[in-house]
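Novice: Quick one, upload12.txt (compact mmCIF, C-alpha atoms):
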# COMPACT_ATOMS: atom_id res chain seq x y z
CA SER Z 1 0.00 0.00 0.00
CA ALA Z 2 1.03 3.60 -0.50
CA VAL Z 3 1.44 6.06 2.35
CA ILE Z 4 0.31 9.54 1.42
CA SER Z 5 0.80 12.74 3.38
CA GLN Z 6 -0.74 16.12 2.77
CA LYS Z 7 0.13 19.60 3.97
CA PRO Z 8 -1.48 21.56 5.44
CA SER Z 9 -4.00 19.38 7.24
CA ARG Z 10 -6.33 22.34 7.55
CA ASP Z 11 -6.38 26.06 6.93
CA ILE Z 12 -8.65 29.05 7.22
CA CYS Z 13 -8.16 31.55 4.41
CA GLN Z 14 -9.48 34.91 3.41
CA ARG Z 15 -11.60 35.37 0.32
CA GLY Z 16 -9.52 36.29 -2.74
CA THR Z 17 -6.31 34.61 -1.57
CA SER Z 18 -4.72 31.38 -2.79
CA LEU Z 19 -3.63 28.22 -1.00
CA THR Z 20 -1.23 25.56 -2.22
CA ILE Z 21 -1.76 22.02 -0.96
CA GLN Z 22 1.10 19.54 -1.05
CA CYS Z 23 0.84 15.79 -1.53
CA GLN Z 24 3.76 13.45 -0.89
CA VAL Z 25 3.76 9.70 -1.61
CA ASP Z 26 6.22 7.20 -0.19
CA SER Z 27 6.71 5.44 -3.55
CA GLN Z 28 6.92 6.43 -7.20
CA VAL Z 29 3.56 6.53 -8.95
CA THR Z 30 2.58 7.39 -12.48
CA MET Z 31 -0.72 9.08 -11.78
CA MET Z 32 -1.92 11.20 -8.92
CA PHE Z 33 -5.47 12.40 -8.55
CA TRP Z 34 -6.96 15.40 -6.81
CA TYR Z 35 -10.49 15.19 -5.41
CA ARG Z 36 -12.75 17.68 -3.71
CA GLN Z 37 -15.34 16.87 -1.08
CA GLN Z 38 -17.72 19.72 -0.40
CA PRO Z 39 -19.56 19.76 2.95
CA GLY Z 40 -22.02 16.88 3.16
CA GLN Z 41 -21.15 15.69 -0.33
CA SER Z 42 -19.24 12.81 -1.82
CA LEU Z 43 -15.94 13.08 -3.65
CA THR Z 44 -15.59 14.71 -7.04
CA LEU Z 45 -12.50 14.35 -9.19
CA ILE Z 46 -10.81 17.67 -9.98
CA ALA Z 47 -7.92 16.52 -12.16
CA THR Z 48 -5.41 13.81 -12.94
CA ALA Z 49 -1.74 14.75 -12.62
CA ASN Z 50 0.91 12.95 -14.65
CA GLN Z 51 4.58 13.60 -14.18
CA GLY Z 52 6.05 15.56 -17.07
CA SER Z 53 2.79 16.61 -18.69
CA GLU Z 54 -0.12 18.96 -18.14
CA ALA Z 55 -2.80 17.86 -15.74
CA THR Z 56 -6.10 16.66 -17.18
CA TYR Z 57 -9.08 18.49 -15.70
CA GLU Z 58 -12.62 17.20 -15.29
CA SER Z 59 -15.64 19.07 -16.52
CA GLY Z 60 -16.30 22.09 -14.36
CA PHE Z 61 -12.70 22.54 -13.21
CA VAL Z 62 -10.17 24.78 -14.94
CA ILE Z 63 -6.43 25.24 -14.70
CA ASP Z 64 -6.63 28.94 -13.85
CA LYS Z 65 -8.64 28.14 -10.73
CA PHE Z 66 -6.87 24.90 -9.74
CA PRO Z 67 -3.31 24.90 -11.11
CA ILE Z 68 -1.48 21.65 -10.47
CA SER Z 69 2.21 20.84 -10.46
CA ARG Z 70 3.77 17.39 -10.69
CA PRO Z 71 7.56 17.88 -10.60
CA ASN Z 72 8.43 14.22 -9.90
CA LEU Z 73 6.91 10.78 -9.34
CA THR Z 74 6.34 11.22 -5.60
CA PHE Z 75 5.03 14.77 -5.25
CA SER Z 76 2.25 17.03 -6.47
CA THR Z 77 0.68 20.33 -5.51
CA LEU Z 78 -2.81 21.71 -6.01
CA THR Z 79 -3.41 25.44 -5.73
CA VAL Z 80 -6.85 26.82 -5.02
CA SER Z 81 -6.76 30.32 -6.49
CA ASN Z 82 -8.79 33.44 -5.80
CA MET Z 83 -10.77 31.60 -3.17
CA SER Z 84 -14.41 32.16 -2.33
CA PRO Z 85 -16.52 30.58 0.44
CA GLU Z 86 -17.77 28.04 -2.13
CA ASP Z 87 -14.25 26.59 -2.22
CA SER Z 88 -14.58 25.48 1.41
CA SER Z 89 -14.07 21.73 1.14
CA ILE Z 90 -11.83 18.84 1.97
CA TYR Z 91 -9.22 18.38 -0.76
CA LEU Z 92 -7.74 14.89 -1.09
CA CYS Z 93 -4.98 13.47 -3.23
CA SER Z 94 -5.02 9.87 -4.31
CA VAL Z 95 -2.77 7.37 -6.04
CA GLY Z 96 -3.39 3.98 -7.56
CA GLY Z 97 -1.91 1.50 -9.96
CA GLN Z 98 -3.23 -0.61 -12.76
CA GLY Z 99 -5.74 -3.03 -11.30
CA ALA Z 100 -4.77 -1.99 -7.80
CA GLU Z 101 -6.48 -0.30 -4.93
CA GLN Z 102 -6.56 3.44 -4.76
CA TYR Z 103 -5.19 5.10 -1.69
CA PHE Z 104 -6.03 8.48 -0.33
CA GLY Z 105 -4.22 11.04 1.71
CA PRO Z 106 -5.65 12.35 4.99
CA GLY Z 107 -7.10 15.39 3.25
CA THR Z 108 -6.76 19.15 3.64
CA ARG Z 109 -9.74 20.85 5.23
CA LEU Z 110 -10.09 24.33 3.78
CA THR Z 111 -12.38 27.01 5.15
CA VAL Z 112 -12.72 30.27 3.25
CA THR Z 113 -14.10 33.26 5.13
CA LYS E 1 -22.01 8.71 -17.59
CA GLN E 2 -21.51 6.42 -14.61
CA GLU E 3 -23.75 7.12 -11.62
CA VAL E 4 -23.28 5.45 -8.26
CA THR E 5 -26.05 5.34 -5.66
CA GLN E 6 -25.85 4.21 -2.06
CA ILE E 7 -28.83 3.23 0.05
CA PRO E 8 -29.59 3.97 2.80
CA ALA E 9 -28.09 7.43 3.26
CA ALA E 10 -27.97 6.88 7.00
CA LEU E 11 -28.33 3.87 9.26
CA SER E 12 -28.39 3.49 13.01
CA VAL E 13 -28.13 0.06 14.61
CA PRO E 14 -27.49 -1.36 18.09
CA GLU E 15 -24.12 -2.91 18.78
CA GLY E 16 -23.83 -6.55 17.74
CA GLU E 17 -26.17 -6.40 14.78
CA ASN E 18 -25.24 -7.66 11.36
CA LEU E 19 -25.92 -5.11 8.63
CA VAL E 20 -25.82 -4.63 4.88
CA LEU E 21 -24.95 -1.49 2.96
CA ASN E 22 -25.98 -1.22 -0.67
CA CYS E 23 -24.31 0.29 -3.69
CA SER E 24 -25.64 0.39 -7.25
CA PHE E 25 -24.08 1.67 -10.45
CA THR E 26 -25.57 2.41 -13.85
CA ASP E 27 -22.79 1.27 -16.18
CA SER E 28 -21.84 -2.38 -15.67
CA ALA E 29 -18.61 -2.00 -17.66
CA ILE E 30 -16.53 -1.50 -14.54
CA TYR E 31 -12.91 -2.43 -13.94
CA ASN E 32 -13.27 -2.80 -10.19
CA LEU E 33 -15.24 -1.58 -7.20
CA GLN E 34 -13.80 -0.36 -3.95
CA TRP E 35 -15.35 0.22 -0.53
CA PHE E 36 -13.96 2.94 1.70
CA ARG E 37 -14.53 4.16 5.20
CA GLN E 38 -14.37 7.84 6.11
CA ASP E 39 -14.33 9.14 9.66
CA PRO E 40 -15.63 12.69 10.23
CA GLY E 41 -13.30 15.30 8.77
CA LYS E 42 -10.77 12.67 7.74
CA GLY E 43 -9.47 11.03 4.59
CA LEU E 44 -10.54 7.68 3.17
CA THR E 45 -9.46 4.27 4.35
CA SER E 46 -9.67 1.47 1.80
CA LEU E 47 -11.65 -1.51 3.10
CA LEU E 48 -12.10 -3.92 0.20
CA LEU E 49 -11.37 -4.01 -3.50
CA ILE E 50 -13.34 -6.30 -5.81
CA GLN E 51 -12.12 -6.84 -9.35
CA SER E 52 -14.79 -7.09 -12.07
CA SER E 53 -14.12 -10.83 -12.43
CA GLN E 54 -14.69 -11.51 -8.73
CA ARG E 55 -17.92 -12.13 -6.86
CA GLU E 56 -16.82 -11.25 -3.34
CA GLN E 57 -14.02 -10.28 -1.03
CA THR E 58 -13.68 -10.74 2.70
CA SER E 59 -11.62 -9.01 5.34
CA GLY E 60 -12.29 -9.81 8.97
CA ARG E 61 -15.88 -8.92 9.78
CA LEU E 62 -16.39 -7.33 6.38
CA ASN E 63 -17.64 -9.06 3.25
CA ALA E 64 -18.27 -7.29 -0.03
CA SER E 65 -20.11 -8.85 -2.95
CA LEU E 66 -20.36 -7.76 -6.55
CA ASP E 67 -23.02 -8.54 -9.14
CA LYS E 68 -21.73 -6.70 -12.17
CA SER E 69 -24.56 -7.68 -14.50
CA SER E 70 -27.17 -6.14 -12.23
CA GLY E 71 -24.95 -3.20 -11.25
CA ARG E 72 -24.95 -3.92 -7.53
CA SER E 73 -22.56 -4.39 -4.66
CA THR E 74 -23.21 -4.97 -0.98
CA LEU E 75 -21.00 -4.51 2.05
CA TYR E 76 -21.87 -6.86 4.89
CA ILE E 77 -20.64 -5.98 8.38
CA ALA E 78 -20.91 -8.73 10.96
CA ALA E 79 -21.30 -8.16 14.68
CA SER E 80 -21.16 -4.38 14.41
CA GLN E 81 -19.24 -2.34 17.00
CA PRO E 82 -19.38 1.35 17.98
CA GLY E 83 -15.96 1.73 16.36
CA ASP E 84 -17.58 0.89 13.02
CA SER E 85 -19.43 4.21 13.13
CA ALA E 86 -18.33 6.15 10.05
CA THR E 87 -19.42 7.00 6.52
CA TYR E 88 -19.01 4.15 4.07
CA LEU E 89 -18.38 5.00 0.44
CA CYS E 90 -18.36 2.78 -2.61
CA ALA E 91 -16.53 3.79 -5.75
CA VAL E 92 -16.25 2.25 -9.20
CA ARG E 93 -13.45 2.42 -11.68
CA ARG E 94 -14.31 2.14 -15.35
CA GLY E 95 -12.08 0.50 -17.91
CA SER E 96 -8.58 1.82 -18.34
CA ALA E 97 -9.43 5.10 -16.64
CA ARG E 98 -7.94 5.16 -13.18
CA GLN E 99 -10.16 7.71 -11.57
CA LEU E 100 -13.05 6.63 -9.39
CA THR E 101 -16.72 7.57 -9.42
CA PHE E 102 -18.06 7.73 -5.89
CA GLY E 103 -21.45 7.15 -4.35
CA SER E 104 -22.82 9.63 -1.85
CA GLY E 105 -22.13 7.34 1.08
CA THR E 106 -23.99 5.68 3.94
CA GLN E 107 -23.50 7.23 7.36
CA LEU E 108 -23.46 4.39 9.88
CA THR E 109 -23.95 4.83 13.61
CA VAL E 110 -23.54 1.81 15.87
CA LEU E 111 -25.05 2.45 19.28
CA PRO E 112 -23.39 0.93 22.36
Please re-express this file's structure in structure tokens.
Specialist:
Amino acid sequence: SAVISQKPSRDICQRGTSLTIQCQVDSQVTMMFWYRQQPGQSLTLIATANQGSEATYESGFVIDKFPISRPNLTFSTLTVSNMSPEDSSIYLCSVGGQGAEQYFGPGTRLTVT
Amino acid sequence: KQEVTQIPAALSVPEGENLVLNCSFTDSAIYNLQWFRQDPGKGLTSLLLIQSSQREQTSGRLNASLDKSSGRSTLYIAASQPGDSATYLCAVRRGSARQLTFGSGTQLTVLP
């Protein structure tokens, strides 16, 4: 199994600012995924991050709002830009292999005031 | 587009009961199905993974079944304990795509 850590674990941010969330995995993985879980909701995929290429965004999510970096096979960042209260959510990164289980980080709980 | 539904949305049972959580999906062309547990404000813990060719998987007091043709999976929890209280999520993976489509979850409360 993969061990995934995220930083920060939680943050309270002002409207209009940006927050960068870090995800570190203890092994090299090809794909990393970023999910959002809004209050009382299930998880929604934001984007898939491949090392060495642009992230692939799901419908409703755009790079200007959620820029992603993937500098190597064990690390990725997700930035939530120009935040509004609607961005208050838990943000989770995830990894998984072909035919294998997917593993999730502990999440970053973001509150925008 | 794959849709995943979980019933019931919430369930409260006394300690010691056996219980079943249900998950249904609209597109039977799945690669695998995974059950997760989520504690309040926390990340997801993987419980069981069932490949599309499998009928069931067991881990301790947990047993998950899969009927791909009918688009259904169940998670059976035997002899429930207060520590089982959490939200249980099922998620399906379709084909070569590695991302998951999640259900809305069942919030389980086991009363001591």
Novice: Rank Z:Val112, Z:Leu43, Z:Leu19, Z:Cys13 by their smallest atom-to-atom distance to chain E, using only C-alpha atoms, and report the top residue only.
Specialist: Z:Leu43
Novice: Take every atom of segment 20-28 of chain Z listed in the file, fit an axis-aligned box around them, add 8 Å per side, and give the centre and edge lengths in Å to one decimal as JSON.
Specialist:
{"center_x": 2.6, "center_y": 15.5, "center_z": -3.7, "size_x": 24.7, "size_y": 36.1, "size_z": 23.0}
Novice: Under the rule that all atoms listed in the file are counted, which of E:Trp35, E:Tyr88, E:Phe102, E:Tyr76 is the nearest residue to chain Z?
Specialist: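 Of the candidates, the smallest distance to chain Z is held by E:Phe102.
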Novice: Could you please select, counting all atoms listed in the file, the residues of chain E within 6 Å of chain Z and state them as a list in words?
Specialist: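 That gives Lys42, Gly43, Leu44 and Ser104 of chain E for chain E.
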Novice: Could you list, as a list in words, every residue within 10 Å of Asp64 of chain Z, counting all atoms listed in the file and ignoring same-chain residues fewer than 5 positions away?
Specialist: Thr79, Val80, Ser81 and Asn82 of chain Z
Novice: I need the residues from that last selection saved to file as a PDB file, keeping the file's coordinate frame (with C-alpha atoms), if you can.
Specialist:
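Dumped everything to again-v8.pdb:
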ATOM      1  CA  THR Z  79      -3.410  25.440  -5.730  1.00  0.00           C
ATOM      2  CA  VAL Z  80      -6.850  26.820  -5.020  1.00  0.00           C
ATOM      3  CA  SER Z  81      -6.760  30.320  -6.490  1.00  0.00           C
ATOM      4  CA  ASN Z  82      -8.790  33.440  -5.800  1.00  0.00           C
TER       5      ASN Z  82
END
Novice: If we count all atoms listed in the file, what is near Ile21 of chain Z at a cut-off of 6 Å, once residues fewer than 5 positions away on the same chain are taken out, given as an MDAnalysis selection string?
Specialist: chainID Z and resid 7 77:78
Novice: Residues at most 10 Å from Thr56 of chain Z, counting all atoms listed in the file, excluding those fewer than 5 positions away in the same chain, as an MDAnalysis selection string?
Specialist: chainID Z and resid 33 46:50 61:63 68
Novice: With distances taken over only C-alpha atoms, which of E:Arg98, E:Asp84, E:Ala29, E:Ser65 is nearest to Leu11 of chain E?
Specialist: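 Closest residue, counting only C-alpha atoms: E:Asp84.
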Novice: Nearest to Leu108 of chain E: which of E:Thr87, E:Gly71, E:Val4, E:Val92 is it, counting all atoms listed in the file?
Specialist: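 Closest candidate: E:Thr87.
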Novice: Between atom CA of Ala64 of chain E and atom CA of Thr45 of chain E, what is the distance, to one decimal in Å?
Specialist: 15.2 Å
Novice: Hey, can you check how far atom CA of Pro40 of chain E sits from atom CA of Gln28 of chain Z?
Specialist: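 According to the coordinates, atom CA of Pro40 of chain E and atom CA of Gln28 of chain Z are separated by 29.2 Å.
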Novice: Please, could N, CA, C and O atoms be added to segment 9-21 of chain E and the result written as a PDB file, in the frame of the given file?
Specialist:
ATOM      1  N   ALA E   9     -29.003   6.313   3.041  1.00  0.00           N
ATOM      2  CA  ALA E   9     -28.090   7.430   3.260  1.00  0.00           C
ATOM      3  C   ALA E   9     -27.565   7.432   4.686  1.00  0.00           C
ATOM      4  O   ALA E   9     -26.443   7.868   4.941  1.00  0.00           O
ATOM      5  N   ALA E  10     -28.378   6.955   5.602  1.00  0.00           N
ATOM      6  CA  ALA E  10     -27.970   6.880   7.000  1.00  0.00           C
ATOM      7  C   ALA E  10     -28.596   5.651   7.632  1.00  0.00           C
ATOM      8  O   ALA E  10     -29.689   5.229   7.253  1.00  0.00           O
ATOM      9  N   LEU E  11     -27.884   5.109   8.611  1.00  0.00           N
ATOM     10  CA  LEU E  11     -28.330   3.870   9.260  1.00  0.00           C
ATOM     11  C   LEU E  11     -27.843   3.887  10.700  1.00  0.00           C
ATOM     12  O   LEU E  11     -26.672   4.179  10.957  1.00  0.00           O
ATOM     13  N   SER E  12     -28.745   3.554  11.603  1.00  0.00           N
ATOM     14  CA  SER E  12     -28.390   3.490  13.010  1.00  0.00           C
ATOM     15  C   SER E  12     -28.805   2.132  13.547  1.00  0.00           C
ATOM     16  O   SER E  12     -29.965   1.737  13.387  1.00  0.00           O
ATOM     17  N   VAL E  13     -27.862   1.416  14.148  1.00  0.00           N
ATOM     18  CA  VAL E  13     -28.130   0.060  14.610  1.00  0.00           C
ATOM     19  C   VAL E  13     -27.550  -0.118  16.007  1.00  0.00           C
ATOM     20  O   VAL E  13     -26.573   0.554  16.380  1.00  0.00           O
ATOM     21  N   PRO E  14     -28.099  -1.036  16.794  1.00  0.00           N
ATOM     22  CA  PRO E  14     -27.490  -1.360  18.090  1.00  0.00           C
ATOM     23  C   PRO E  14     -26.267  -2.233  17.904  1.00  0.00           C
ATOM     24  O   PRO E  14     -26.163  -3.001  16.928  1.00  0.00           O
ATOM     25  N   GLU E  15     -25.351  -2.117  18.813  1.00  0.00           N
ATOM     26  CA  GLU E  15     -24.120  -2.910  18.780  1.00  0.00           C
ATOM     27  C   GLU E  15     -24.440  -4.393  18.675  1.00  0.00           C
ATOM     28  O   GLU E  15     -25.370  -4.898  19.304  1.00  0.00           O
ATOM     29  N   GLY E  16     -23.671  -5.110  17.873  1.00  0.00           N
ATOM     30  CA  GLY E  16     -23.830  -6.550  17.740  1.00  0.00           C
ATOM     31  C   GLY E  16     -24.638  -6.986  16.536  1.00  0.00           C
ATOM     32  O   GLY E  16     -24.589  -8.155  16.148  1.00  0.00           O
ATOM     33  N   GLU E  17     -25.360  -6.045  15.950  1.00  0.00           N
ATOM     34  CA  GLU E  17     -26.170  -6.400  14.780  1.00  0.00           C
ATOM     35  C   GLU E  17     -25.314  -6.616  13.546  1.00  0.00           C
ATOM     36  O   GLU E  17     -24.278  -5.978  13.376  1.00  0.00           O
ATOM     37  N   ASN E  18     -25.801  -7.515  12.688  1.00  0.00           N
ATOM     38  CA  ASN E  18     -25.240  -7.660  11.360  1.00  0.00           C
ATOM     39  C   ASN E  18     -25.972  -6.695  10.434  1.00  0.00           C
ATOM     40  O   ASN E  18     -27.184  -6.497  10.572  1.00  0.00           O
ATOM     41  N   LEU E  19     -25.257  -6.088   9.487  1.00  0.00           N
ATOM     42  CA  LEU E  19     -25.920  -5.110   8.630  1.00  0.00           C
ATOM     43  C   LEU E  19     -25.372  -5.168   7.210  1.00  0.00           C
ATOM     44  O   LEU E  19     -24.273  -5.681   6.964  1.00  0.00           O
ATOM     45  N   VAL E  20     -26.175  -4.630   6.304  1.00  0.00           N
ATOM     46  CA  VAL E  20     -25.820  -4.630   4.880  1.00  0.00           C
ATOM     47  C   VAL E  20     -25.963  -3.216   4.331  1.00  0.00           C
ATOM     48  O   VAL E  20     -26.995  -2.570   4.520  1.00  0.00           O
ATOM     49  N   LEU E  21     -24.923  -2.765   3.659  1.00  0.00           N
ATOM     50  CA  LEU E  21     -24.950  -1.490   2.960  1.00  0.00           C
ATOM     51  C   LEU E  21     -25.000  -1.773   1.459  1.00  0.00           C
ATOM     52  O   LEU E  21     -24.330  -2.698   0.980  1.00  0.00           O
TER      53      LEU E  21
END
